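Printed here is final.cif (mmCIF, C-alpha atoms and all ligand atoms):
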data_structure
loop_
_atom_site.label_atom_id
_atom_site.label_comp_id
_atom_site.auth_asym_id
_atom_site.auth_seq_id
_atom_site.Cartn_x
_atom_site.Cartn_y
_atom_site.Cartn_z
CA MET Z 1 0.00 0.00 0.00
CA ALA Z 2 1.31 3.45 -0.91
CA ILE Z 3 2.46 5.57 2.01
CA ASN Z 4 1.86 9.31 2.46
CA VAL Z 5 5.35 10.45 1.52
CA GLU Z 6 5.03 14.02 2.78
CA GLN Z 7 3.90 12.81 6.19
CA ALA Z 8 6.61 10.13 6.29
CA VAL Z 9 9.38 12.65 5.54
CA GLU Z 10 8.01 15.01 8.18
CA ASN Z 11 7.86 12.19 10.72
CA ALA Z 12 11.39 11.09 9.87
CA PHE Z 13 12.78 14.57 10.50
CA LYS Z 14 10.76 14.91 13.71
CA SER Z 15 11.93 11.61 15.16
CA HIS Z 16 15.60 11.99 14.22
CA LYS Z 17 18.05 14.00 16.30
CA ILE Z 18 20.61 15.80 14.17
CA VAL Z 19 24.38 15.44 14.29
CA ASP Z 20 25.67 18.83 13.13
CA ILE Z 21 29.11 18.14 11.67
CA HIS Z 22 30.45 21.68 11.32
CA THR Z 23 29.81 24.47 13.81
CA HIS Z 24 31.78 27.09 15.69
CA LEU Z 25 29.91 26.32 18.93
CA TYR Z 26 31.55 25.53 22.28
CA PRO Z 27 30.12 24.39 25.61
CA ALA Z 28 29.49 26.72 28.54
CA SER Z 29 32.46 25.17 30.35
CA MET Z 30 34.75 26.83 27.76
CA GLY Z 31 34.01 30.27 29.22
CA PRO Z 32 34.46 33.05 26.65
CA MET Z 33 34.33 30.55 23.75
CA TYR Z 34 30.67 29.92 24.57
CA LEU Z 35 28.56 32.45 22.65
CA ALA Z 36 24.80 32.67 23.21
CA GLY Z 37 21.97 35.11 23.72
CA PRO Z 38 20.64 38.21 21.98
CA ASP Z 39 23.75 40.38 21.88
CA GLU Z 40 25.88 37.69 20.24
CA LEU Z 41 23.04 36.59 17.97
CA ILE Z 42 22.29 40.09 16.70
CA THR Z 43 25.98 40.87 16.14
CA TYR Z 44 26.55 37.72 14.02
CA HIS Z 45 28.95 38.84 11.31
CA TYR Z 46 26.38 38.20 8.56
CA LEU Z 47 24.07 40.77 10.21
CA LYS Z 48 26.89 43.22 10.88
CA ALA Z 49 27.84 43.06 7.19
CA GLU Z 50 24.22 43.80 6.27
CA THR Z 51 24.16 46.69 8.74
CA SER Z 52 27.39 48.06 7.29
CA ARG Z 53 25.73 48.26 3.86
CA ASN Z 54 23.44 50.87 5.39
CA LEU Z 55 26.12 52.88 7.17
CA PRO Z 56 28.31 55.60 5.66
CA LEU Z 57 31.73 54.01 5.09
CA SER Z 58 33.31 56.44 7.55
CA GLU Z 59 31.11 55.04 10.36
CA VAL Z 60 31.79 51.32 9.84
CA GLU Z 61 34.99 51.22 11.87
CA GLY Z 62 33.42 53.11 14.76
CA PHE Z 63 30.48 50.70 14.72
CA ASN Z 64 32.85 47.71 14.84
CA ASN Z 65 34.64 49.20 17.84
CA LEU Z 66 31.53 49.63 19.97
CA PRO Z 67 30.93 47.20 22.87
CA THR Z 68 28.88 44.18 21.72
CA ASP Z 69 25.60 45.24 23.35
CA GLN Z 70 25.77 48.67 21.70
CA GLN Z 71 26.53 47.08 18.34
CA ALA Z 72 23.49 44.86 18.86
CA ASP Z 73 21.34 47.94 19.51
CA VAL Z 74 22.56 49.53 16.26
CA VAL Z 75 21.87 46.35 14.25
CA TRP Z 76 18.48 45.92 15.87
CA LYS Z 77 17.42 49.50 15.07
CA MET Z 78 18.80 49.37 11.55
CA LEU Z 79 17.67 45.93 10.41
CA PHE Z 80 14.60 45.16 12.50
CA VAL Z 81 12.93 48.35 13.76
CA GLY Z 82 13.60 51.29 11.53
CA GLY Z 83 13.97 49.85 8.07
CA THR Z 84 12.19 47.65 5.58
CA SER Z 85 10.95 44.12 6.34
CA PRO Z 86 13.68 41.73 7.58
CA ILE Z 87 13.64 39.30 4.65
CA SER Z 88 17.32 38.43 4.15
CA GLU Z 89 18.18 34.90 5.31
CA ALA Z 90 20.17 36.19 8.31
CA GLN Z 91 17.35 38.56 9.31
CA LEU Z 92 14.69 35.89 8.91
CA GLY Z 93 16.85 33.69 11.11
CA VAL Z 94 16.56 36.09 14.02
CA VAL Z 95 12.78 36.22 13.61
CA THR Z 96 12.64 32.40 13.70
CA VAL Z 97 14.81 32.30 16.83
CA MET Z 98 12.69 34.86 18.66
CA ASN Z 99 9.53 33.08 17.69
CA ALA Z 100 10.94 29.74 18.91
CA LEU Z 101 11.69 31.40 22.26
CA GLY Z 102 8.21 32.93 22.52
CA LEU Z 103 9.48 36.50 22.04
CA ASN Z 104 7.99 39.37 20.03
CA PRO Z 105 10.26 39.94 17.00
CA ARG Z 106 8.70 43.38 16.41
CA ALA Z 107 9.90 44.67 19.78
CA ASP Z 108 11.41 48.17 19.80
CA ASP Z 109 14.47 46.95 21.66
CA LEU Z 110 16.18 43.80 22.89
CA SER Z 111 15.22 44.12 26.55
CA GLU Z 112 12.72 41.24 26.63
CA PHE Z 113 15.18 38.91 24.90
CA ARG Z 114 18.03 40.00 27.19
CA GLN Z 115 15.85 39.38 30.24
CA LEU Z 116 14.95 35.86 29.12
CA HIS Z 117 18.58 35.03 28.43
CA ASN Z 118 19.93 36.57 31.64
CA ASP Z 119 17.38 34.72 33.76
CA MET Z 120 18.75 31.32 32.71
CA SER Z 121 22.03 29.59 33.47
CA ALA Z 122 24.24 28.83 30.46
CA GLU Z 123 23.65 25.11 31.07
CA ASP Z 124 19.86 25.48 31.07
CA TYR Z 125 19.97 27.69 27.99
CA THR Z 126 22.08 25.06 26.21
CA ASP Z 127 19.59 22.32 27.13
CA LEU Z 128 16.69 24.46 25.92
CA VAL Z 129 18.30 25.21 22.55
CA PHE Z 130 19.38 21.59 21.92
CA GLU Z 131 15.91 20.37 22.86
CA LYS Z 132 14.00 22.87 20.71
CA SER Z 133 16.27 22.57 17.68
CA GLY Z 134 16.26 18.76 17.58
CA VAL Z 135 20.06 18.63 17.59
CA ALA Z 136 21.78 15.77 19.44
CA LYS Z 137 25.42 16.64 18.86
CA VAL Z 138 27.47 19.46 17.41
CA TYR Z 139 31.01 19.24 16.11
CA MET Z 140 33.16 22.16 17.20
CA THR Z 141 36.00 23.87 15.31
CA ASN Z 142 38.96 23.28 17.62
CA ASP Z 143 42.27 25.07 17.41
CA PRO Z 144 44.80 24.28 20.16
CA LEU Z 145 46.91 27.23 18.90
CA ASP Z 146 44.12 29.74 19.50
CA PRO Z 147 45.09 31.90 22.49
CA SER Z 148 41.57 31.75 23.98
CA GLU Z 149 40.95 28.07 23.30
CA GLY Z 150 44.40 26.54 23.81
CA PRO Z 151 44.52 26.94 27.62
CA PHE Z 152 41.30 24.92 28.03
CA TRP Z 153 42.94 21.92 26.38
CA GLN Z 154 46.25 22.45 28.18
CA ASN Z 155 44.61 22.74 31.62
CA GLY Z 156 41.64 20.41 31.18
CA PHE Z 157 37.92 21.06 31.67
CA ASP Z 158 34.62 19.17 31.72
CA LEU Z 159 33.47 18.58 28.17
CA ASP Z 160 29.72 18.23 27.63
CA PRO Z 161 29.53 15.04 25.50
CA ARG Z 162 27.08 16.72 23.10
CA PHE Z 163 30.09 18.72 21.85
CA GLN Z 164 32.57 16.73 19.78
CA CYS Z 165 35.95 17.82 18.51
CA VAL Z 166 37.34 18.59 15.09
CA LEU Z 167 40.98 19.60 14.71
CA ARG Z 168 41.04 22.78 12.62
CA LEU Z 169 44.32 23.24 10.80
CA ASP Z 170 44.26 26.76 9.35
CA SER Z 171 46.37 28.45 11.99
CA ALA Z 172 48.91 25.59 12.14
CA LEU Z 173 49.49 25.29 8.39
CA MET Z 174 48.43 28.37 6.45
CA ASN Z 175 50.84 31.16 5.48
CA TRP Z 176 53.91 29.16 6.48
CA PRO Z 177 56.26 30.13 8.23
CA GLU Z 178 53.85 32.30 10.26
CA PRO Z 179 52.76 29.34 12.46
CA VAL Z 180 56.33 28.41 13.45
CA ASP Z 181 56.47 30.39 16.71
CA LYS Z 182 53.03 29.22 17.85
CA LEU Z 183 53.91 25.57 17.23
CA LYS Z 184 57.26 25.94 18.97
CA ALA Z 185 55.58 27.56 21.96
CA ILE Z 186 53.62 24.37 22.61
CA GLY Z 187 56.56 22.05 22.10
CA TYR Z 188 56.85 21.23 18.40
CA GLU Z 189 60.34 21.80 17.01
CA VAL Z 190 59.33 22.90 13.54
CA GLU Z 191 61.74 24.92 11.42
CA THR Z 192 61.09 27.74 8.99
CA ALA Z 193 62.22 25.47 6.18
CA LEU Z 194 59.80 22.83 4.97
CA ASN Z 195 62.22 19.97 5.62
CA GLU Z 196 61.95 16.47 7.11
CA THR Z 197 62.22 17.78 10.69
CA THR Z 198 59.35 20.18 10.11
CA PHE Z 199 57.20 17.50 8.48
CA ARG Z 200 57.90 15.07 11.33
CA GLU Z 201 57.03 17.66 13.98
CA ILE Z 202 53.83 18.70 12.25
CA ARG Z 203 52.79 15.07 11.93
CA ARG Z 204 53.50 14.74 15.66
CA TYR Z 205 51.33 17.81 16.33
CA LEU Z 206 48.48 16.38 14.25
CA ASN Z 207 48.72 12.96 15.84
CA ASP Z 208 48.98 14.25 19.40
CA TRP Z 209 46.07 16.62 19.01
CA CYS Z 210 43.80 14.29 17.08
CA GLY Z 211 44.38 11.90 19.95
CA LYS Z 212 43.87 14.42 22.75
CA LEU Z 213 40.69 15.78 21.20
CA ASP Z 214 39.48 12.43 19.90
CA ALA Z 215 38.96 14.43 16.72
CA ARG Z 216 36.17 13.26 14.42
CA TYR Z 217 38.15 14.67 11.49
CA MET Z 218 40.78 17.29 10.57
CA ALA Z 219 39.57 20.40 8.71
CA ILE Z 220 41.12 23.23 6.78
CA SER Z 221 39.66 26.10 4.75
CA LEU Z 222 41.52 26.81 1.51
CA PRO Z 223 41.56 29.57 -1.12
CA PRO Z 224 40.28 29.11 -4.70
CA ASP Z 225 43.86 29.07 -5.99
CA PHE Z 226 44.79 26.01 -3.89
CA GLU Z 227 46.66 23.61 -6.16
CA TYR Z 228 47.67 19.99 -5.80
CA PRO Z 229 50.37 18.96 -6.38
CA SER Z 230 52.29 22.16 -5.96
CA ASP Z 231 55.33 23.70 -4.29
CA ASP Z 232 53.02 26.03 -2.42
CA THR Z 233 53.62 25.67 1.33
CA THR Z 234 50.05 24.71 2.30
CA SER Z 235 49.83 22.17 -0.50
CA THR Z 236 53.17 20.68 0.53
CA LEU Z 237 52.06 20.40 4.16
CA MET Z 238 48.77 18.76 3.16
CA LYS Z 239 50.68 16.18 1.13
CA GLU Z 240 53.50 15.51 3.58
CA CYS Z 241 51.57 15.73 6.84
CA VAL Z 242 47.76 15.94 6.72
CA TYR Z 243 46.85 13.26 4.17
CA PRO Z 244 49.24 10.66 5.65
CA THR Z 245 47.95 11.37 9.17
CA ALA Z 246 44.33 11.06 8.03
CA ARG Z 247 45.20 7.76 6.37
CA ASP Z 248 47.08 6.36 9.36
CA ARG Z 249 44.50 7.47 11.93
CA ARG Z 250 41.59 6.50 9.67
CA ILE Z 251 39.81 9.81 10.09
CA PRO Z 252 38.57 12.04 7.26
CA SER Z 253 40.48 15.00 5.94
CA ALA Z 254 37.91 17.78 5.48
CA MET Z 255 38.68 20.51 2.98
CA MET Z 256 36.53 23.62 2.74
CA VAL Z 257 37.61 25.29 -0.45
CA GLY Z 258 36.95 28.58 -2.17
CA VAL Z 259 37.32 31.25 0.50
CA THR Z 260 39.15 34.49 -0.25
CA ARG Z 261 39.90 35.98 3.12
CA GLN Z 262 39.54 39.67 3.88
CA VAL Z 263 38.64 41.17 0.52
CA ASN Z 264 37.25 44.05 2.56
CA PRO Z 265 39.09 44.09 5.91
CA ILE Z 266 37.02 46.94 7.35
CA LEU Z 267 34.17 44.43 7.69
CA LYS Z 268 36.35 42.17 9.89
CA ASP Z 269 34.75 38.67 10.07
CA GLY Z 270 32.24 39.81 7.46
CA GLY Z 271 34.98 40.78 5.01
CA ASP Z 272 35.67 37.34 3.45
CA SER Z 273 34.46 36.39 -0.01
CA LEU Z 274 34.68 33.47 -2.44
CA GLY Z 275 35.96 32.21 -5.76
CA SER Z 276 35.60 29.15 -7.93
CA TRP Z 277 38.05 26.23 -7.53
CA ASP Z 278 39.49 24.02 -10.28
CA LEU Z 279 38.15 20.59 -9.29
CA ARG Z 280 40.88 18.87 -11.27
CA ASN Z 281 42.95 19.40 -8.13
CA LEU Z 282 40.48 17.28 -6.19
CA GLU Z 283 40.65 14.53 -8.82
CA ARG Z 284 44.42 14.40 -8.35
CA ILE Z 285 44.15 14.40 -4.55
CA ALA Z 286 41.50 11.67 -4.45
CA ARG Z 287 43.45 9.54 -6.96
CA ASP Z 288 46.76 9.89 -5.08
CA TRP Z 289 45.21 9.15 -1.69
CA PRO Z 290 42.67 6.34 -2.21
CA ASP Z 291 42.87 5.33 1.47
CA VAL Z 292 41.89 8.77 2.75
CA ASN Z 293 38.27 9.85 3.04
CA PHE Z 294 37.80 13.45 1.94
CA LEU Z 295 34.90 15.40 3.38
CA MET Z 296 34.43 18.22 0.89
CA THR Z 297 32.51 21.45 1.00
CA ILE Z 298 33.12 24.04 -1.72
CA LEU Z 299 32.06 27.65 -1.47
CA SER Z 300 31.27 28.65 -5.03
CA ARG Z 301 27.86 27.75 -6.40
CA GLU Z 302 29.50 27.28 -9.81
CA ASP Z 303 31.49 24.28 -8.52
CA GLN Z 304 28.64 22.26 -6.99
CA HIS Z 305 27.67 20.12 -9.95
CA GLU Z 306 31.30 19.33 -10.71
CA LEU Z 307 31.84 18.31 -7.08
CA CYS Z 308 29.01 15.77 -7.39
CA VAL Z 309 30.46 14.37 -10.60
CA THR Z 310 33.94 14.18 -9.07
CA ALA Z 311 32.48 12.34 -6.05
CA ARG Z 312 30.88 9.82 -8.45
CA LYS Z 313 34.34 9.08 -9.80
CA PHE Z 314 36.00 8.78 -6.40
CA PRO Z 315 34.15 6.99 -3.59
CA ASN Z 316 36.61 8.49 -1.09
CA ILE Z 317 34.98 11.92 -1.63
CA THR Z 318 31.91 12.82 0.43
CA PRO Z 319 30.34 16.23 -0.21
CA PHE Z 320 28.96 17.89 2.91
CA GLY Z 321 26.84 20.91 3.78
CA CYS Z 322 25.81 24.04 1.92
CA TRP Z 323 28.56 26.24 3.23
CA TRP Z 324 28.33 29.89 4.29
CA PHE Z 325 27.11 31.93 1.25
CA LEU Z 326 25.39 28.78 -0.05
CA ASN Z 327 23.34 28.40 3.10
CA ASN Z 328 20.32 30.10 1.55
CA PRO Z 329 17.08 28.30 0.64
CA SER Z 330 17.23 28.76 -3.15
CA ILE Z 331 20.74 27.34 -3.30
CA ILE Z 332 20.22 24.59 -0.72
CA GLN Z 333 17.31 23.32 -2.78
CA GLU Z 334 19.39 23.20 -5.94
CA ILE Z 335 22.46 21.62 -4.34
CA THR Z 336 20.49 19.00 -2.42
CA SER Z 337 18.62 17.98 -5.56
CA GLU Z 338 21.77 17.54 -7.61
CA ARG Z 339 23.52 15.65 -4.84
CA ILE Z 340 20.64 13.20 -4.38
CA GLU Z 341 20.25 12.75 -8.14
CA LEU Z 342 23.96 12.08 -8.69
CA LEU Z 343 25.03 10.48 -5.41
CA GLY Z 344 21.90 9.05 -3.78
CA THR Z 345 22.29 9.08 -0.02
CA SER Z 346 26.11 9.19 -0.03
CA CYS Z 347 26.48 12.80 1.08
CA VAL Z 348 25.94 14.82 4.25
CA PRO Z 349 23.34 17.33 3.03
CA GLN Z 350 23.80 20.03 5.61
CA HIS Z 351 25.68 21.45 8.58
CA SER Z 352 24.72 24.63 10.42
CA ASP Z 353 28.01 26.56 10.74
CA ALA Z 354 26.35 28.05 13.83
CA ARG Z 355 28.61 30.40 15.80
CA ILE Z 356 26.07 31.38 18.40
CA LEU Z 357 24.12 28.70 20.22
CA ASP Z 358 20.75 30.33 19.50
CA GLN Z 359 21.37 29.98 15.75
CA LEU Z 360 20.67 26.25 16.02
CA LEU Z 361 17.05 27.31 16.50
CA TYR Z 362 16.83 28.71 12.97
CA LYS Z 363 19.55 27.21 10.85
CA TRP Z 364 18.11 23.70 11.10
CA THR Z 365 14.46 24.75 10.85
CA HIS Z 366 15.23 26.74 7.73
CA SER Z 367 17.37 24.01 6.15
CA ILE Z 368 14.87 21.24 6.80
CA ARG Z 369 12.05 23.43 5.47
CA THR Z 370 13.95 23.52 2.17
CA ILE Z 371 15.40 20.02 2.12
CA ALA Z 372 12.22 18.13 3.09
CA PRO Z 373 10.35 18.98 -0.15
CA VAL Z 374 13.36 17.75 -2.16
CA PHE Z 375 13.13 14.40 -0.37
CA VAL Z 376 9.35 14.31 -0.78
CA SER Z 377 9.79 14.71 -4.52
CA LYS Z 378 12.45 11.98 -4.76
CA TYR Z 379 10.56 9.48 -2.57
CA SER Z 380 7.36 10.20 -4.51
CA ASP Z 381 9.21 9.45 -7.75
CA LEU Z 382 10.49 6.23 -6.20
CA GLN Z 383 7.06 5.15 -5.04
CA ASN Z 384 5.48 6.10 -8.38
CA ALA Z 385 8.13 4.09 -10.18
CA GLY Z 386 6.78 1.00 -8.42
CA TRP Z 387 9.05 0.67 -5.38
CA PRO Z 388 7.09 -0.53 -2.32
CA LEU Z 389 8.37 2.28 -0.08
CA THR Z 390 7.97 2.11 3.71
CA GLU Z 391 8.13 4.82 6.36
CA GLN Z 392 11.05 2.96 7.88
CA ASP Z 393 13.05 3.26 4.62
CA ILE Z 394 12.75 7.04 4.81
CA LYS Z 395 13.59 7.11 8.52
CA ASN Z 396 16.72 5.04 7.94
CA ASP Z 397 17.96 7.25 5.09
CA ILE Z 398 17.37 10.49 7.00
CA ALA Z 399 18.98 9.07 10.14
CA LEU Z 400 22.06 8.21 8.05
CA MET Z 401 22.36 11.50 6.18
CA PHE Z 402 21.61 13.74 9.16
CA GLY Z 403 23.53 11.61 11.62
CA GLY Z 404 26.91 12.31 10.06
CA GLY Z 405 26.71 9.83 7.18
CA ASN Z 406 28.76 6.64 6.97
CA LEU Z 407 32.05 8.26 7.89
CA LEU Z 408 31.22 9.94 11.16
CA ASP Z 409 29.59 9.12 14.46
O1 LIG O 501 30.33 30.65 8.04
C1 LIG O 501 31.04 31.37 8.71
O2 LIG O 501 30.62 31.87 9.76
C2 LIG O 501 32.42 31.71 8.26
O3 LIG O 501 32.81 32.84 8.91
C3 LIG O 501 33.51 30.74 8.56
O4 LIG O 501 33.53 30.43 9.90
C4 LIG O 501 33.57 29.46 7.85
O5 LIG O 501 32.43 28.71 8.05
C5 LIG O 501 34.77 28.67 8.28
O6 LIG O 501 34.64 27.64 8.93
O7 LIG O 501 35.88 29.12 7.95
ZN ZN O 502 32.60 27.41 9.55
#

Please go through the file and, once you have read it, give me the structure as structure tokens.
Amino acid sequence: MAINVEQAVENAFKSHKIVDIHTHLYPASMGPMYLAGPDELITYHYLKAETSRNLPLSEVEGFNNLPTDQQADVVWKMLFVGGTSPISEAQLGVVTVMNALGLNPRADDLSEFRQLHNDMSAEDYTDLVFEKSGVAKVYMTNDPLDPSEGPFWQNGFDLDPRFQCVLRLDSALMNWPEPVDKLKAIGYEVETALNETTFREIRRYLNDWCGKLDARYMAISLPPDFEYPSDDTTSTLMKECVYPTARDRRIPSAMMVGVTRQVNPILKDGGDSLGSWDLRNLERIARDWPDVNFLMTILSREDQHELCVTARKFPNITPFGCWWFLNNPSIIQEITSERIELLGTSCVPQHSDARILDQLLYKWTHSIRTIAPVFVSKYSDLQNAGWPLTEQDIKNDIALMFGGGNLLD
């Protein structure tokens, strides 16, 4: 008997708790790394960039230098009270969050939201957000070389098991030899030259820290001109250190490619942009390293179809998420469709990239609102083609794809 596909997809999403494989979230026990509540939410760099579009250029720097709560007041007035309707994805996100928390999104100021947040402990707020967003686990972005984060790992702290670790490599590998002093300061005898000693010490760093963090995978963000093979320092370090470590430890190497950092530095975190990547580099990487699983997310919309085709050729490539500027409904719909059509269930359709805990309340609602109809269409096609589809089939697929896929968890 034919099942009601729409209902079955809805039920599958409702009953499954999400594993969010790329965020910038940290538990309350990591002190200043933990970001939550209205002031952080409203000063998310996407919203600050949108605010800056409405400010005279001469005022942007002053705005960025204000204390966070005053910045939040400026953003709130500019994007939610005084202007046109808040219909950008980042603005809509705030409306969804406030609605989920039972707040009035047309309030003149943030006082009601601040009150609600201040009245709760960080632990209770975390429980509330995880519960309401249907998220079971989040993967962090961990950098032992970060001056705020490093001391937590050096000194030890209680880690909420809902937060899992990912070793982020940017600050250890990019712009070599800039990282040399930081690596030396925590005991790795790297040299400025990219020689055998340096490679050995970086491999030791990767191994030690993957072990200490029990890292789910290693991740790096790369520019559109990243080439492999190449004499470029980052490419050399990936080849000599990261890929062999991923192979030996049997954890994925995640590459997030296509970011051009700081095209407009005055916007700070909001000043990064993107460019298209030549996927022939990925073909060469996947062919040279058949025993390494590559978790791939690429920033340019232009590259998405090619990524799917490349993943068809190399089973050690798993596309994941609709990253950053792609995390918008029109693009999520397109990317998810082409991934399912070309790769079936062998992808991880989405991650949140949440930086502020509260964002879990909208990023997943919005993504699922877009992704569910894509699944409904595919499962309807399957059923109409004569496949005796069951609700359990759909539940199993969604649990796999939104539980980290085959490679994780
Ligand atoms: O999406 C973002 O918030 C970006 O600023 C970056 O954090 C990006 O996701 C990254 O991981 O580099
Ligand atoms: Zn990110």

(message) Residues within 12 Å of Leu183 (chain Z), please, as a VMD selection string. Count all atoms listed in the file; anything in the same chain fewer than 4 positions from it doesn't count.
(response) chain Z and resid 143 to 146 150 169 171 to 173 176 to 179 187 to 192 198 201 to 206

(request) Pick out the closest residue to ligand ZN 502 (chain O) from this set: Z:Asp231, Z:Glu240, Z:Asp20, Z:Asp248. Count all atoms listed in the file. (result) Z:Asp20

(request) Could you tell me which of Z:Asp208, Z:Asp170, Z:Asp109, Z:Glu6 comes closest to ligand ZN 502 (chain O) if we count all atoms listed in the file? (result) Z:Asp170

(request) Please check which protein, DNA or RNA residues sit within 10 Å of ligand LIG 501 (chain O), counting all atoms listed in the file, and write them as JSON, numbers by chain. (result) {"Z": [22, 23, 24, 44, 45, 46, 141, 168, 170, 219, 220, 221, 222, 256, 257, 259, 261, 269, 270, 271, 272, 273, 299, 323, 324, 325, 326, 327, 351, 352, 353, 354, 355, 356]}

(request) With all atoms listed in the file counted, which protein, DNA or RNA residues have an atom no more than 12 Å from (48.7, 16.2, 3.5) in the file frame? Please answer as a PyMOL selection string. (result) chain Z and resi 169+173+199+202-203+206+218-220+228-230+233-248+252-255+285-286+288-289+292+294

Just need the box for region 353-358 of chain Z, edges along x, y and z, holding every atom the file lists for it with 5 Å tacked onto each side, so centre and edge lengths in Å to one decimal, as AutoDock Vina command-line options.
--center_x 24.7 --center_y 29.0 --center_z 15.5 --size_x 17.9 --size_y 14.8 --size_z 19.5

(request) Measuring atom to atom with only C-alpha atoms, identify which of Z:Asp124, Z:Ile371, Z:Leu382, Z:Ala193 is nearest to Ile398 (chain Z). (result) Z:Ile371

(message) So, with all atoms listed in the file as the atoms that count, which of Z:Phe63, Z:Phe130, Z:Tyr139, Z:Phe402 lies closest to ligand ZN 502 (chain O)?
(response) Z:Tyr139

(message) Need the shell around Val81 (chain Z): protein/DNA/RNA residues with any atom at most 9 Å away, counting all atoms listed in the file. Skip same-chain ones fewer than 4 positions apart. Format as number ranges by chain?
(response) Z: 76-77, 85, 106-109

Produce a file of the selected residues containing C-alpha atoms, as a PDB file, in the coordinates of the input.
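In the end it all went to selection-v4.pdb:
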ATOM      1  CA  TRP Z  76      18.480  45.920  15.870  1.00  0.00           C
ATOM      2  CA  LYS Z  77      17.420  49.500  15.070  1.00  0.00           C
ATOM      3  CA  SER Z  85      10.950  44.120   6.340  1.00  0.00           C
ATOM      4  CA  ARG Z 106       8.700  43.380  16.410  1.00  0.00           C
ATOM      5  CA  ALA Z 107       9.900  44.670  19.780  1.00  0.00           C
ATOM      6  CA  ASP Z 108      11.410  48.170  19.800  1.00  0.00           C
ATOM      7  CA  ASP Z 109      14.470  46.950  21.660  1.00  0.00           C
TER       8      ASP Z 109
END

(message) Between Z:Gly405, Z:Gly156, Z:Gly93, Z:Pro151, which residue has the minimum interatomic distance to Tyr362 (chain Z), considering only C-alpha atoms?
(response) Z:Gly93

(request) Please provide as a list in words all residues within 10 Å of Lys48 (chain Z), with the sequence filter that same-chain residues fewer than 4 positions apart are discarded (counting only C-alpha atoms). (result)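 The filter keeps Ile42, Thr43, Tyr44, Ser52, Arg53, Val60, Phe63, Asn64, Gln71, Ala72, Val74, Val75, Leu79, Leu267, Lys268, Asp269 and Gly270 of chain Z.
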
(request) Rank Z:Leu307, Z:Cys322, Z:Glu10, Z:Leu110 by their smallest atom-to-atom distance to ligand ZN 502 (chain O), using all atoms listed in the file, and report the top residue only. (result)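 That would be Z:Cys322, the residue with the smallest distance to ligand ZN 502 (chain O).
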
(message) Just the number, please: distance in Å from CA of Glu227 (chain Z) to CA of Asn281 (chain Z), one decimal.
(response)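 Separating CA of Glu227 (chain Z) from CA of Asn281 (chain Z) is a distance of 5.9 Å.
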
(request) One decimal, Å: what's the distance from CA of Ser276 (chain Z) over to CA of Pro224 (chain Z), could you say? (result)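 Taking CA of Ser276 (chain Z) as the start and CA of Pro224 (chain Z) as the end point, the length is 5.7 Å.
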
(message) When you look at Val166 (chain Z) with a cut-off of 6 Å (counting all atoms listed in the file), what residues show up, excluding the ones that are within fewer than 4 positions of it in the same chain? I need them as a ChimeraX atom specification.
(response) /Z:140-142,215-218

(request) Calculate how many Å separate CA of Leu57 (chain Z) from CA of Thr84 (chain Z), rounding to one decimal. (result) 20.6 Å

Could you list, as a CSV table (one decimal) with C-alpha atoms, keeping the file's coordinate frame, every residue within 12 Å of Ser111 (chain Z), counting only C-alpha atoms and ignoring same-chain residues fewer than 2 positions away?
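Result written to around_37.csv:
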chain,number,residue,atom,x,y,z
Z,37,GLY,CA,22.0,35.1,23.7
Z,38,PRO,CA,20.6,38.2,22.0
Z,39,ASP,CA,23.8,40.4,21.9
Z,69,ASP,CA,25.6,45.2,23.4
Z,72,ALA,CA,23.5,44.9,18.9
Z,73,ASP,CA,21.3,47.9,19.5
Z,76,TRP,CA,18.5,45.9,15.9
Z,103,LEU,CA,9.5,36.5,22.0
Z,104,ASN,CA,8.0,39.4,20.0
Z,105,PRO,CA,10.3,39.9,17.0
Z,107,ALA,CA,9.9,44.7,19.8
Z,108,ASP,CA,11.4,48.2,19.8
Z,109,ASP,CA,14.5,47.0,21.7
Z,113,PHE,CA,15.2,38.9,24.9
Z,114,ARG,CA,18.0,40.0,27.2
Z,115,GLN,CA,15.8,39.4,30.2
Z,116,LEU,CA,15.0,35.9,29.1
Z,117,HIS,CA,18.6,35.0,28.4
Z,118,ASN,CA,19.9,36.6,31.6

(request) Would you kindly identify which residues have an atom no farther than 7 Å from (27.3, 26.2, 28.7), using all atoms listed in the file and the file's own coordinates, and write them out as number ranges by chain? (result) Z: 27-29, 34, 122-123, 126

Hey, can you spit out that residue selection with C-alpha atoms as a PDB file, in the coordinates of the input?
ATOM      1  CA  PRO Z  27      30.120  24.390  25.610  1.00  0.00           C
ATOM      2  CA  ALA Z  28      29.490  26.720  28.540  1.00  0.00           C
ATOM      3  CA  SER Z  29      32.460  25.170  30.350  1.00  0.00           C
ATOM      4  CA  TYR Z  34      30.670  29.920  24.570  1.00  0.00           C
ATOM      5  CA  ALA Z 122      24.240  28.830  30.460  1.00  0.00           C
ATOM      6  CA  GLU Z 123      23.650  25.110  31.070  1.00  0.00           C
ATOM      7  CA  THR Z 126      22.080  25.060  26.210  1.00  0.00           C
TER       8      THR Z 126
END
